[in-house]
>>> print(open('work.tsv').read())   # TSV, C-alpha atoms
chain	number	residue	atom	x	y	z
A	1	MET	CA	38.52	100.71	116.96
A	2	THR	CA	40.99	100.86	114.08
A	3	ARG	CA	41.90	104.54	114.48
A	4	LYS	CA	44.62	104.00	117.07
A	5	PRO	CA	46.51	101.34	115.05
A	6	ARG	CA	46.29	103.58	111.99
A	7	LEU	CA	47.66	106.56	113.95
A	8	PHE	CA	50.41	104.38	115.29
A	9	LYS	CA	51.30	103.19	111.78
A	10	LYS	CA	51.35	106.77	110.49
A	11	PHE	CA	53.64	107.74	113.34
A	12	VAL	CA	55.98	104.79	112.66
A	13	PHE	CA	56.10	105.42	108.92
A	14	SER	CA	56.75	109.14	109.45
A	15	ILE	CA	59.47	108.66	112.04
A	16	ILE	CA	61.40	105.96	110.15
A	17	PRO	CA	62.52	108.31	107.32
A	18	LEU	CA	63.63	110.87	109.89
A	19	LEU	CA	65.67	108.23	111.69
A	20	LEU	CA	67.20	107.05	108.42
A	21	VAL	CA	68.13	110.62	107.39
A	22	GLY	CA	69.49	111.29	110.88
A	23	SER	CA	71.56	108.11	110.77
A	24	VAL	CA	72.99	108.96	107.36
A	25	LEU	CA	73.91	112.48	108.56
A	26	GLU	CA	75.50	111.13	111.73
A	27	ILE	CA	77.49	108.46	109.86
A	28	GLY	CA	78.65	111.00	107.30
A	29	SER	CA	79.62	113.46	110.05
A	30	ARG	CA	81.51	110.78	111.95
A	31	SER	CA	83.42	109.89	108.81
A	32	LEU	CA	84.25	113.57	108.29
A	33	CYS	CA	85.36	114.02	111.92
A	34	SER	CA	87.36	110.81	111.87
A	35	HIS	CA	89.22	111.92	108.74
A	36	ARG	CA	89.90	115.29	110.37
A	37	PHE	CA	90.83	114.20	113.90
A	38	ASP	CA	92.34	110.69	113.73
A	39	PRO	CA	95.75	111.93	112.45
A	40	PHE	CA	95.98	114.08	115.60
A	41	SER	CA	94.90	111.38	118.09
A	42	THR	CA	91.74	113.23	119.09
A	43	ASN	CA	87.99	112.81	118.58
A	44	ILE	CA	84.63	114.52	119.15
A	45	ALA	CA	84.51	113.35	122.80
A	46	ILE	CA	87.60	115.52	123.39
A	47	GLN	CA	86.88	118.31	120.92
A	48	GLY	CA	83.22	118.70	121.85
A	49	ASN	CA	84.02	119.27	125.51
A	50	GLY	CA	86.34	122.20	124.75
A	51	ARG	CA	89.96	122.97	125.57
A	52	MET	CA	89.62	123.58	129.32
A	53	SER	CA	88.88	120.57	131.51
A	54	SER	CA	88.27	120.04	135.21
A	55	ASP	CA	91.15	118.66	137.24
A	56	PRO	CA	90.87	117.75	140.94
A	57	GLU	CA	94.48	118.70	141.65
A	58	THR	CA	94.87	121.97	139.74
A	59	VAL	CA	91.13	122.86	139.51
A	60	TRP	CA	91.34	123.10	135.71
A	61	GLY	CA	93.81	122.59	132.89
A	62	ASN	CA	94.12	122.06	129.16
A	63	ALA	CA	92.34	118.96	127.90
A	64	PRO	CA	94.92	116.39	126.71
A	65	HIS	CA	94.96	115.92	122.89
A	66	TYR	CA	92.62	118.89	122.28
A	67	LEU	CA	93.27	120.39	118.83
A	68	GLU	CA	92.71	124.12	118.22
A	69	TYR	CA	90.20	124.88	115.47
A	70	ASP	CA	92.71	126.77	113.30
A	71	LEU	CA	95.47	124.16	113.84
A	72	THR	CA	97.70	126.66	115.66
A	73	ALA	CA	98.27	124.27	118.57
A	74	GLN	CA	97.45	120.98	120.24
A	75	TYR	CA	97.85	119.81	123.85
A	76	ASN	CA	99.83	116.74	124.80
A	77	ASP	CA	99.20	114.03	127.38
A	78	PHE	CA	99.86	116.53	130.20
A	79	GLY	CA	97.96	119.46	128.69
A	80	MET	CA	101.09	121.22	127.47
A	81	ARG	CA	100.92	123.10	124.17
A	82	VAL	CA	102.69	121.53	121.19
A	83	ASP	CA	102.54	121.92	117.42
A	84	PRO	CA	99.66	119.90	115.90
A	85	GLY	CA	100.79	116.38	115.06
A	86	ASP	CA	103.80	116.43	117.40
A	87	ASP	CA	104.49	113.60	119.80
A	88	LEU	CA	101.82	113.85	122.52
A	89	GLY	CA	103.95	112.03	125.05
A	90	ILE	CA	106.87	113.34	127.12
A	91	PRO	CA	110.35	112.34	125.97
A	92	ALA	CA	112.77	110.95	128.50
A	93	LYS	CA	115.47	113.48	129.29
A	94	GLY	CA	118.90	112.55	127.91
A	95	ASP	CA	122.31	113.68	129.11
A	96	ASN	CA	122.55	116.25	126.32
A	97	ASP	CA	119.04	117.64	126.75
A	98	PHE	CA	118.27	121.07	128.17
A	99	PHE	CA	114.65	121.39	129.36
A	100	VAL	CA	112.80	124.60	130.22
A	101	LEU	CA	109.28	124.54	131.70
A	102	LEU	CA	106.99	127.55	131.19
A	103	LEU	CA	104.03	128.17	133.50
A	104	GLY	CA	101.44	130.91	133.84
A	105	GLY	CA	98.22	132.08	132.23
A	106	SER	CA	97.08	133.02	128.76
A	107	ALA	CA	99.87	135.56	128.11
A	108	MET	CA	102.50	132.86	128.63
A	109	ALA	CA	100.30	130.38	126.75
A	110	GLY	CA	100.63	132.63	123.69
A	111	MET	CA	97.07	133.88	123.36
A	112	GLY	CA	96.49	136.77	120.96
A	113	THR	CA	93.66	139.26	121.20
A	114	VAL	CA	90.85	138.07	123.45
A	115	HIS	CA	87.59	137.33	121.60
A	116	LYS	CA	85.17	138.97	124.03
A	117	GLY	CA	84.42	142.68	123.87
A	118	GLU	CA	85.81	144.77	120.99
A	119	TRP	CA	89.54	144.11	121.35
A	120	MET	CA	89.57	141.74	118.38
A	121	LYS	CA	87.75	144.26	116.21
A	122	ILE	CA	90.35	146.88	117.14
A	123	THR	CA	93.43	144.75	116.34
A	124	GLY	CA	92.37	141.93	114.03
A	125	ILE	CA	95.15	139.86	115.61
A	126	ALA	CA	94.10	136.38	116.73
A	127	THR	CA	96.19	133.74	118.47
A	128	GLY	CA	99.24	132.76	116.47
A	129	GLY	CA	101.21	129.55	116.45
A	130	ARG	CA	104.06	128.51	118.65
A	131	GLU	CA	106.52	130.27	116.34
A	132	GLN	CA	105.00	133.64	117.36
A	133	SER	CA	104.88	132.97	121.09
A	134	ILE	CA	107.31	133.08	123.99
A	135	ASP	CA	107.94	129.33	123.99
A	136	GLY	CA	108.80	129.18	120.28
A	137	PHE	CA	111.04	132.25	120.37
A	138	LEU	CA	112.75	131.06	123.57
A	139	GLU	CA	113.48	127.58	122.23
A	140	THR	CA	115.02	129.06	119.07
A	141	ALA	CA	117.10	131.60	121.01
A	142	LEU	CA	118.37	129.03	123.51
A	143	GLN	CA	119.20	126.51	120.79
A	144	GLU	CA	121.26	129.15	118.97
A	145	SER	CA	123.06	129.96	122.24
A	146	MET	CA	123.62	126.27	123.09
A	147	PRO	CA	124.55	124.59	119.79
A	148	GLY	CA	125.95	121.59	121.63
A	149	ARG	CA	122.71	120.85	123.51
A	150	THR	CA	119.22	119.72	122.50
A	151	VAL	CA	116.85	122.39	123.82
A	152	ARG	CA	113.19	121.73	124.56
A	153	VAL	CA	110.84	124.40	125.92
A	154	PHE	CA	107.64	122.93	127.37
A	155	ASN	CA	104.69	125.31	127.62
A	156	ALA	CA	102.40	124.22	130.45
A	157	ALA	CA	100.61	127.58	130.79
A	158	VAL	CA	96.81	127.48	131.05
A	159	ASN	CA	94.32	130.25	130.23
A	160	CYS	CA	92.97	132.03	133.33
A	161	SER	CA	95.53	130.24	135.53
A	162	THR	CA	96.65	131.85	138.80
A	163	LEU	CA	99.99	131.66	140.63
A	164	LEU	CA	98.60	128.95	142.90
A	165	GLN	CA	97.70	126.85	139.87
A	166	SER	CA	101.11	127.43	138.26
A	167	HIS	CA	102.65	126.01	141.44
A	168	LEU	CA	100.29	123.02	141.34
A	169	HIS	CA	101.05	122.38	137.65
A	170	TYR	CA	104.76	122.51	138.44
A	171	LYS	CA	104.43	119.83	141.13
A	172	ARG	CA	102.67	117.44	138.78
A	173	LEU	CA	105.36	117.95	136.09
A	174	LEU	CA	108.40	117.30	138.28
A	175	HIS	CA	109.16	114.15	136.29
A	176	LEU	CA	110.35	116.40	133.45
A	177	ASP	CA	113.36	117.38	135.56
A	178	PRO	CA	113.58	120.83	133.92
A	179	ASP	CA	116.83	122.77	134.06
A	180	TRP	CA	114.86	126.01	134.41
A	181	VAL	CA	111.30	126.84	135.46
A	182	ILE	CA	109.81	130.15	134.30
A	183	SER	CA	106.42	131.23	135.61
A	184	MET	CA	104.63	134.45	134.64
A	185	ASP	CA	101.59	135.30	136.75
A	186	GLY	CA	99.64	138.10	138.38
A	187	TYR	CA	96.86	139.22	136.07
A	188	ASN	CA	94.48	136.33	136.81
A	189	ASP	CA	95.00	136.24	140.57
A	190	PRO	CA	92.18	137.48	142.83
A	191	SER	CA	92.49	141.23	143.36
A	192	SER	CA	90.57	141.15	146.62
A	193	LEU	CA	89.82	138.50	149.23
A	194	GLY	CA	87.37	138.34	152.12
A	195	PRO	CA	88.52	137.83	155.72
A	196	GLU	CA	88.17	134.02	155.58
A	197	GLN	CA	88.75	133.58	151.85
A	198	THR	CA	91.80	131.92	150.31
A	199	SER	CA	93.07	131.88	146.73
A	200	ARG	CA	92.07	128.22	146.44
A	201	MET	CA	88.51	129.04	147.47
A	202	TRP	CA	88.41	131.93	144.99
A	203	VAL	CA	89.72	129.74	142.14
A	204	GLU	CA	87.26	126.94	142.85
A	205	ASN	CA	84.36	129.39	142.97
A	206	PHE	CA	85.51	130.94	139.68
A	207	TRP	CA	85.57	127.53	138.00
A	208	ASP	CA	82.21	126.43	139.44
A	209	ASN	CA	80.64	129.56	137.97
A	210	PHE	CA	82.46	129.32	134.64
A	211	HIS	CA	80.17	129.48	131.59
A	212	TYR	CA	81.18	125.91	130.63
A	213	PHE	CA	78.84	124.56	133.27
A	214	HIS	CA	75.78	126.62	132.45
A	215	PHE	CA	73.19	126.71	129.66
A	216	PRO	CA	73.61	126.89	126.70
A	217	TYR	CA	77.30	125.89	126.89
A	218	SER	CA	76.70	122.87	129.14
A	219	THR	CA	74.02	121.50	126.78
A	220	ALA	CA	76.11	122.22	123.68
A	221	ARG	CA	79.16	120.48	125.20
A	222	PHE	CA	77.07	117.43	126.10
A	223	LEU	CA	75.65	117.10	122.57
A	224	MET	CA	78.85	118.03	120.69
A	225	SER	CA	80.89	115.42	122.56
A	226	ARG	CA	78.40	112.67	121.65
A	227	SER	CA	77.03	113.50	118.20
A	228	ALA	CA	79.34	114.16	115.26
A	229	PHE	CA	76.51	115.79	113.31
A	230	PHE	CA	75.71	118.15	116.16
A	231	TYR	CA	79.43	118.87	116.54
A	232	VAL	CA	79.84	119.83	112.86
A	233	VAL	CA	76.73	122.03	112.83
A	234	SER	CA	77.53	123.72	116.15
A	235	GLU	CA	81.14	124.37	115.17
A	236	ALA	CA	79.97	126.10	111.98
A	237	LEU	CA	77.50	128.22	113.97
A	238	PHE	CA	80.15	129.12	116.58
A	239	TYR	CA	82.51	130.17	113.83
A	240	LYS	CA	79.86	132.32	112.15
A	241	ALA	CA	78.97	133.94	115.49
A	242	GLY	CA	82.62	134.72	116.22
A	243	ILE	CA	82.87	132.42	119.26
A	244	ILE	CA	85.49	130.49	117.28
A	245	SER	CA	88.01	132.65	115.43
A	246	ASN	CA	90.15	131.54	112.52
A	247	THR	CA	93.60	133.14	112.71
A	248	HIS	CA	93.96	133.29	108.93
A	249	GLU	CA	90.63	135.03	108.34
A	250	THR	CA	90.58	137.52	111.21
A	251	GLN	CA	90.22	141.14	110.12
A	252	GLN	CA	90.37	144.49	111.82
A	253	ASP	CA	87.14	146.48	111.88
A	254	THR	CA	88.43	149.87	110.77
A	255	LYS	CA	85.35	151.74	112.04
A	256	VAL	CA	85.70	150.27	115.54
A	257	PHE	CA	89.46	150.89	115.50
A	258	GLU	CA	89.08	154.55	114.44
A	259	ARG	CA	86.37	155.13	117.03
A	260	TRP	CA	88.50	153.92	119.93
A	261	LEU	CA	91.65	155.53	118.58
A	262	ASN	CA	89.94	158.92	118.83
A	263	THR	CA	88.12	158.27	122.10
A	264	ILE	CA	89.49	160.02	125.18
A	265	PRO	CA	89.33	157.50	128.03
A	266	PRO	CA	88.04	158.49	131.48
A	267	THR	CA	90.69	159.26	134.07
A	268	LEU	CA	90.19	158.41	137.73
A	269	ALA	CA	92.60	158.57	140.64
A	270	PRO	CA	93.73	155.13	141.88
A	271	LYS	CA	91.96	153.86	144.95
A	272	PRO	CA	94.07	153.55	148.12
A	273	CYS	CA	94.88	149.98	149.09
A	274	ASN	CA	92.10	148.58	151.26
A	275	THR	CA	92.14	145.52	153.51
A	276	SER	CA	90.60	143.15	150.93
A	277	ARG	CA	93.20	144.11	148.32
A	278	GLN	CA	95.98	143.90	150.90
A	279	ARG	CA	94.84	140.38	151.80
A	280	ALA	CA	95.00	139.42	148.11
A	281	VAL	CA	98.52	140.87	147.77
A	282	ASP	CA	99.66	139.06	150.93
A	283	GLU	CA	98.14	135.80	149.65
A	284	TYR	CA	99.98	136.19	146.35
A	285	PHE	CA	103.34	136.53	148.04
A	286	LYS	CA	102.53	133.67	150.39
A	287	HIS	CA	102.22	131.50	147.28
A	288	ILE	CA	105.45	132.99	145.91
A	289	ASP	CA	107.23	131.79	149.08
A	290	ALA	CA	105.69	128.31	148.81
A	291	PHE	CA	106.53	128.01	145.11
A	292	ARG	CA	110.08	129.26	145.67
A	293	HIS	CA	110.54	126.81	148.57
A	294	ASP	CA	109.63	123.84	146.37
A	295	LEU	CA	111.85	125.03	143.52
A	296	THR	CA	114.80	125.50	145.87
A	297	LYS	CA	114.20	122.13	147.52
A	298	ASN	CA	114.29	120.47	144.10
A	299	GLY	CA	117.43	122.36	143.08
A	300	GLN	CA	115.82	123.98	140.05
A	301	ARG	CA	116.82	127.36	138.65
A	302	ASN	CA	113.84	129.60	138.16
A	303	LEU	CA	112.32	132.96	137.37
A	304	LEU	CA	109.06	134.04	138.98
A	305	LEU	CA	107.79	136.85	136.79
A	306	ILE	CA	104.99	139.30	137.56
A	307	GLN	CA	103.37	140.21	134.26
A	308	PRO	CA	102.47	143.74	133.09
A	309	ASP	CA	99.23	145.04	131.62
A	310	VAL	CA	98.24	147.76	129.17
A	311	THR	CA	96.89	150.17	131.83
A	312	ALA	CA	100.48	150.65	133.06
A	313	ARG	CA	101.61	151.66	129.57
A	314	LYS	CA	103.18	155.11	129.15
A	315	PRO	CA	100.88	157.03	126.77
A	316	ASP	CA	103.80	158.49	124.81
A	317	ARG	CA	104.99	154.95	123.95
A	318	LEU	CA	101.67	153.79	122.48
A	319	LYS	CA	101.45	152.90	118.80
A	320	SER	CA	98.25	153.64	116.86
A	321	VAL	CA	96.50	150.27	117.25
A	322	GLU	CA	97.79	149.92	120.79
A	323	LYS	CA	96.49	153.40	121.61
A	324	ALA	CA	93.00	152.30	120.58
A	325	VAL	CA	93.43	149.18	122.75
A	326	TYR	CA	94.59	151.37	125.65
A	327	ASN	CA	91.64	153.76	125.29
A	328	TYR	CA	89.16	150.89	125.11
A	329	THR	CA	90.69	149.12	128.11
A	330	LEU	CA	90.53	152.20	130.32
A	331	HIS	CA	86.94	152.73	129.22
A	332	TYR	CA	86.26	149.08	130.05
A	333	THR	CA	87.84	149.47	133.53
A	334	GLY	CA	86.22	152.83	134.26
A	335	GLY	CA	89.46	154.76	133.87
A	336	ARG	CA	91.36	152.98	136.63
A	337	PRO	CA	94.65	151.14	136.20
A	338	ASN	CA	95.04	147.60	137.53
A	339	GLU	CA	95.77	148.62	141.12
A	340	PHE	CA	96.25	145.09	142.43
A	341	LEU	CA	98.84	144.33	139.75
A	342	ALA	CA	100.58	147.66	140.46
A	343	ASP	CA	100.80	146.65	144.15
A	344	LEU	CA	102.41	143.34	143.16
A	345	HIS	CA	105.03	145.14	141.07
A	346	ARG	CA	105.86	147.60	143.83
A	347	ARG	CA	106.37	144.89	146.44
A	348	ALA	CA	108.34	142.69	144.04
A	349	GLN	CA	110.73	145.55	143.26
A	350	LEU	CA	111.38	145.95	146.99
A	351	MET	CA	111.99	142.20	147.41
A	352	THR	CA	114.20	141.62	144.35
A	353	PRO	CA	117.51	142.45	146.16
A	354	VAL	CA	116.93	139.55	148.57
A	355	MET	CA	114.95	137.37	146.15
A	356	PRO	CA	116.62	137.86	142.73
A	357	GLU	CA	114.50	135.18	141.04
A	358	LEU	CA	111.39	137.31	141.66
A	359	ILE	CA	111.18	139.77	138.77
A	360	SER	CA	108.75	142.60	138.06
A	361	MET	CA	108.14	142.97	134.32
A	362	SER	CA	106.97	146.58	134.79
A	363	SER	CA	109.63	147.85	132.35
A	364	VAL	CA	107.78	146.06	129.51
A	365	ALA	CA	105.03	148.67	129.82
A	366	SER	CA	107.61	151.31	128.85
A	367	TRP	CA	108.99	149.59	125.76
A	368	ARG	CA	108.89	151.72	122.63
A	369	THR	CA	107.80	148.81	120.46
A	370	TRP	CA	104.14	147.74	120.16
A	371	VAL	CA	103.52	145.52	123.22
A	372	PHE	CA	99.84	144.76	123.89
A	373	VAL	CA	96.97	143.50	121.71
A	374	ASP	CA	94.43	143.72	124.56
A	375	TYR	CA	94.54	144.18	128.34
A	376	CYS	CA	97.47	141.79	128.95
A	377	HIS	CA	98.31	139.70	125.86
A	378	PHE	CA	101.40	140.47	123.82
A	379	THR	CA	102.25	141.12	120.17
A	380	ALA	CA	104.62	138.71	118.41
A	381	GLN	CA	107.45	141.27	118.60
A	382	ALA	CA	106.92	141.68	122.35
A	383	ASN	CA	106.91	137.89	122.78
A	384	ARG	CA	110.23	137.75	120.91
A	385	ARG	CA	111.79	140.37	123.19
A	386	ILE	CA	110.45	138.74	126.36
A	387	ALA	CA	111.90	135.41	125.22
A	388	GLN	CA	115.26	137.05	124.53
A	389	GLU	CA	115.33	138.60	128.03
A	390	ILE	CA	114.67	135.17	129.55
A	391	CYS	CA	117.24	133.56	127.25
A	392	ASP	CA	119.94	136.08	128.22
A	393	HIS	CA	119.27	135.39	131.90
A	394	ILE	CA	119.48	131.62	131.44
A	395	VAL	CA	122.58	131.68	129.24
A	396	SER	CA	124.38	134.00	131.68
A	397	ASP	CA	123.50	131.56	134.48
A	398	GLY	CA	121.50	134.26	136.22
A	399	ALA	CA	124.05	137.06	135.92
A	400	TYR	CA	121.96	139.08	133.47
A	401	VAL	CA	118.97	140.75	135.15
A	402	PRO	CA	115.97	140.53	132.80
A	403	PHE	CA	113.46	143.35	132.37
A	404	SER	CA	115.74	145.78	134.17
A	405	SER	CA	115.53	148.47	131.50
A	406	ASP	CA	112.85	150.07	129.36
A	407	ALA	CA	115.38	151.07	126.70
A	408	VAL	CA	113.97	148.84	123.98
A	409	ASN	CA	113.34	150.30	120.54
>>> encode(input="work.tsv", output="structure tokens")
Amino acid sequence: MTRKPRLFKKFVFSIIPLLLVGSVLEIGSRSLCSHRFDPFSTNIAIQGNGRMSSDPETVWGNAPHYLEYDLTAQYNDFGMRVDPGDDLGIPAKGDNDFFVLLLGGSAMAGMGTVHKGEWMKITGIATGGREQSIDGFLETALQESMPGRTVRVFNAAVNCSTLLQSHLHYKRLLHLDPDWVISMDGYNDPSSLGPEQTSRMWVENFWDNFHYFHFPYSTARFLMSRSAFFYVVSEALFYKAGIISNTHETQQDTKVFERWLNTIPPTLAPKPCNTSRQRAVDEYFKHIDAFRHDLTKNGQRNLLLIQPDVTARKPDRLKSVEKAVYNYTLHYTGGRPNEFLADLHRRAQLMTPVMPELISMSSVASWRTWVFVDYCHFTAQANRRIAQEICDHIVSDGAYVPFSSDAVN
């Protein structure tokens, strides 16, 4: 008759120390996280859920106030990238201000080598800060060209974003009243569509099936956003596993680099354009027309850029690390170039005479400098040159045609 009470007492006395230790660890972790995050107006509820967040209007975006692990960037109230610790609000535009809004995907967002696959092992180049990206270079170049103005370049690009989403992000940021809008898209857009499928449907399906919403990421996000102890432990494990990369400690794996440098990639003939790819191309330019209509209606100068990728690179222009990236990418794609993106460039080049704000960046793939660190992300020197091309176009009030030549050393 006394066994059950004794068992219960044993259970209580064994669980109490565990609860006390757990409480001490949680309190200590919360103190650590508070010391780390409070100066940047963020917390574990934001950090634990990750940088990308659902948005009913744009499908997904950057989570406001999210702070990158290596302190290379933070995201303001509207999910736009800023330097850590900067004002997270949006300043009111003064008479002397000159605002430029950047839109697009990860290449415009300033991402370095992608973490999946072996690209990072080949290059050892992680994501840099704003000073190494298009927005930082462009703001500096414009400020030097406009010493009498106060230049601000706002980067509202979002990883994996499509042209449709760039248009949607633009509409929600109209209050900025930018003098110029620059959008760079193409790589993330659907390369094929079914007979009844739209880009919006494709984007929503992509997001619904994103790894964020599936085990183990969904469980980890739930726990990390609620427990500081679990957040600290998980972050350390993610860093050790390479899911989180520290820019300052990233290293090239020389064995992987040498292997891909000396690998001959497969070569396949491009596939002829089929109806599903043609539908995707037509859908892309339908969104170009809609985006351009809104920009024109609002009286805003703009450039609608179609981005390049490494499979369009001329082999004789490749540098050693870039050659390894090129070989690995073609192996990864089965030896085929990005045929959908090539179709976008061809049509854009035909349309440019009647739509001068639509620009193919195909010449970038012929630059003699090192351009790509993976399939579509740029080196710092390429970002600098891209920013200068955009700057020259803006400063000339549209007279200079950007990306019209491959004669870049």
>>> atom_distance(input="work.tsv", atom1="CA of Asp253 in chain A", atom2="CA of Lys323 in chain A")
15.2 Å
>>> atom_distance(input="work.tsv", atom1="CA of Cys33 in chain A", atom2="CA of Ile90 in chain A")
26.3 Å
>>> closest_residue(input="work.tsv", among="A:Leu67, A:Cys391, A:Leu237, A:Met184", to="Leu142 in chain A", atoms="all atoms listed in the file")
A:Cys391
>>> atom_distance(input="work.tsv", atom1="CA of Arg384 in chain A", atom2="CA of Phe137 in chain A")
5.6 Å
>>> residues_around(input="work.tsv", residues="Cys160 in chain A", least_positions_apart="3", cutoff="8 Å", atoms="all atoms listed in the file", output="PyMOL selection string")
chain A and resi 105-106+188
>>> residues_around(input="work.tsv", residues="Ser363 in chain A", least_positions_apart="4", cutoff="8 Å", atoms="all atoms listed in the file", output="PyMOL selection string")
chain A and resi 367+403-406
>>> closest_residue(input="work.tsv", among="A:Val371, A:Leu101, A:Ile390, A:Ala157", to="Leu176 in chain A", atoms="all atoms listed in the file")
A:Leu101
>>> closest_residue(input="work.tsv", among="A:Thr198, A:Gln74, A:Thr296, A:Thr311", to="Asn338 in chain A", atoms="all atoms listed in the file")
A:Thr311
>>> residues_around(input="work.tsv", residues="Met355 in chain A", least_positions_apart="2", cutoff="12 Å", atoms="only C-alpha atoms", output="list in words")
Phe285, Ile288, Asp289, Arg292, His293, Thr296, Asn302, Leu303, Leu304, Leu305, Arg347, Ala348, Gln349, Leu350, Met351, Thr352, Pro353, Glu357, Leu358, Ile359 and Ser360 of chain A
>>> residues_near_point(input="work.tsv", point="(93.4, 153.0, 117.9)", cutoff="10 Å", atoms="all atoms listed in the file", output="list in words")
Ile122, Thr123, Thr254, Val256, Phe257, Glu258, Arg259, Trp260, Leu261, Asn262, Thr263, Leu318, Lys319, Ser320, Val321, Glu322, Lys323, Ala324, Val325, Tyr326, Asn327 and Tyr328 of chain A
>>> write_last_selection(input="work.tsv", atoms="C-alpha atoms", output="PDB file, keeping the file's coordinate frame")
ATOM      1  CA  ILE A 122      90.350 146.880 117.140  1.00  0.00           C
ATOM      2  CA  THR A 123      93.430 144.750 116.340  1.00  0.00           C
ATOM      3  CA  THR A 254      88.430 149.870 110.770  1.00  0.00           C
ATOM      4  CA  VAL A 256      85.700 150.270 115.540  1.00  0.00           C
ATOM      5  CA  PHE A 257      89.460 150.890 115.500  1.00  0.00           C
ATOM      6  CA  GLU A 258      89.080 154.550 114.440  1.00  0.00           C
ATOM      7  CA  ARG A 259      86.370 155.130 117.030  1.00  0.00           C
ATOM      8  CA  TRP A 260      88.500 153.920 119.930  1.00  0.00           C
ATOM      9  CA  LEU A 261      91.650 155.530 118.580  1.00  0.00           C
ATOM     10  CA  ASN A 262      89.940 158.920 118.830  1.00  0.00           C
ATOM     11  CA  THR A 263      88.120 158.270 122.100  1.00  0.00           C
ATOM     12  CA  LEU A 318     101.670 153.790 122.480  1.00  0.00           C
ATOM     13  CA  LYS A 319     101.450 152.900 118.800  1.00  0.00           C
ATOM     14  CA  SER A 320      98.250 153.640 116.860  1.00  0.00           C
ATOM     15  CA  VAL A 321      96.500 150.270 117.250  1.00  0.00           C
ATOM     16  CA  GLU A 322      97.790 149.920 120.790  1.00  0.00           C
ATOM     17  CA  LYS A 323      96.490 153.400 121.610  1.00  0.00           C
ATOM     18  CA  ALA A 324      93.000 152.300 120.580  1.00  0.00           C
ATOM     19  CA  VAL A 325      93.430 149.180 122.750  1.00  0.00           C
ATOM     20  CA  TYR A 326      94.590 151.370 125.650  1.00  0.00           C
ATOM     21  CA  ASN A 327      91.640 153.760 125.290  1.00  0.00           C
ATOM     22  CA  TYR A 328      89.160 150.890 125.110  1.00  0.00           C
TER      23      TYR A 328
END
>>> residues_near_point(input="work.tsv", point="(92.0, 139.9, 110.3)", cutoff="7 Å", atoms="all atoms listed in the file", output="tab-separated table (two decimals) with C-alpha atoms, in the frame of the given file")
chain	number	residue	atom	x	y	z
A	124	GLY	CA	92.37	141.93	114.03
A	125	ILE	CA	95.15	139.86	115.61
A	249	GLU	CA	90.63	135.03	108.34
A	250	THR	CA	90.58	137.52	111.21
A	251	GLN	CA	90.22	141.14	110.12
A	252	GLN	CA	90.37	144.49	111.82
>>> residues_around(input="work.tsv", residues="Trp207 in chain A", least_positions_apart="5", cutoff="10 Å", atoms="all atoms listed in the file", output="PyMOL selection string")
chain A and resi 54+59-60+160+202+212-213
>>> closest_residue(input="work.tsv", among="A:Tyr69, A:Trp180, A:Phe37, A:Phe154", to="Gly398 in chain A", atoms="all atoms listed in the file")
A:Trp180
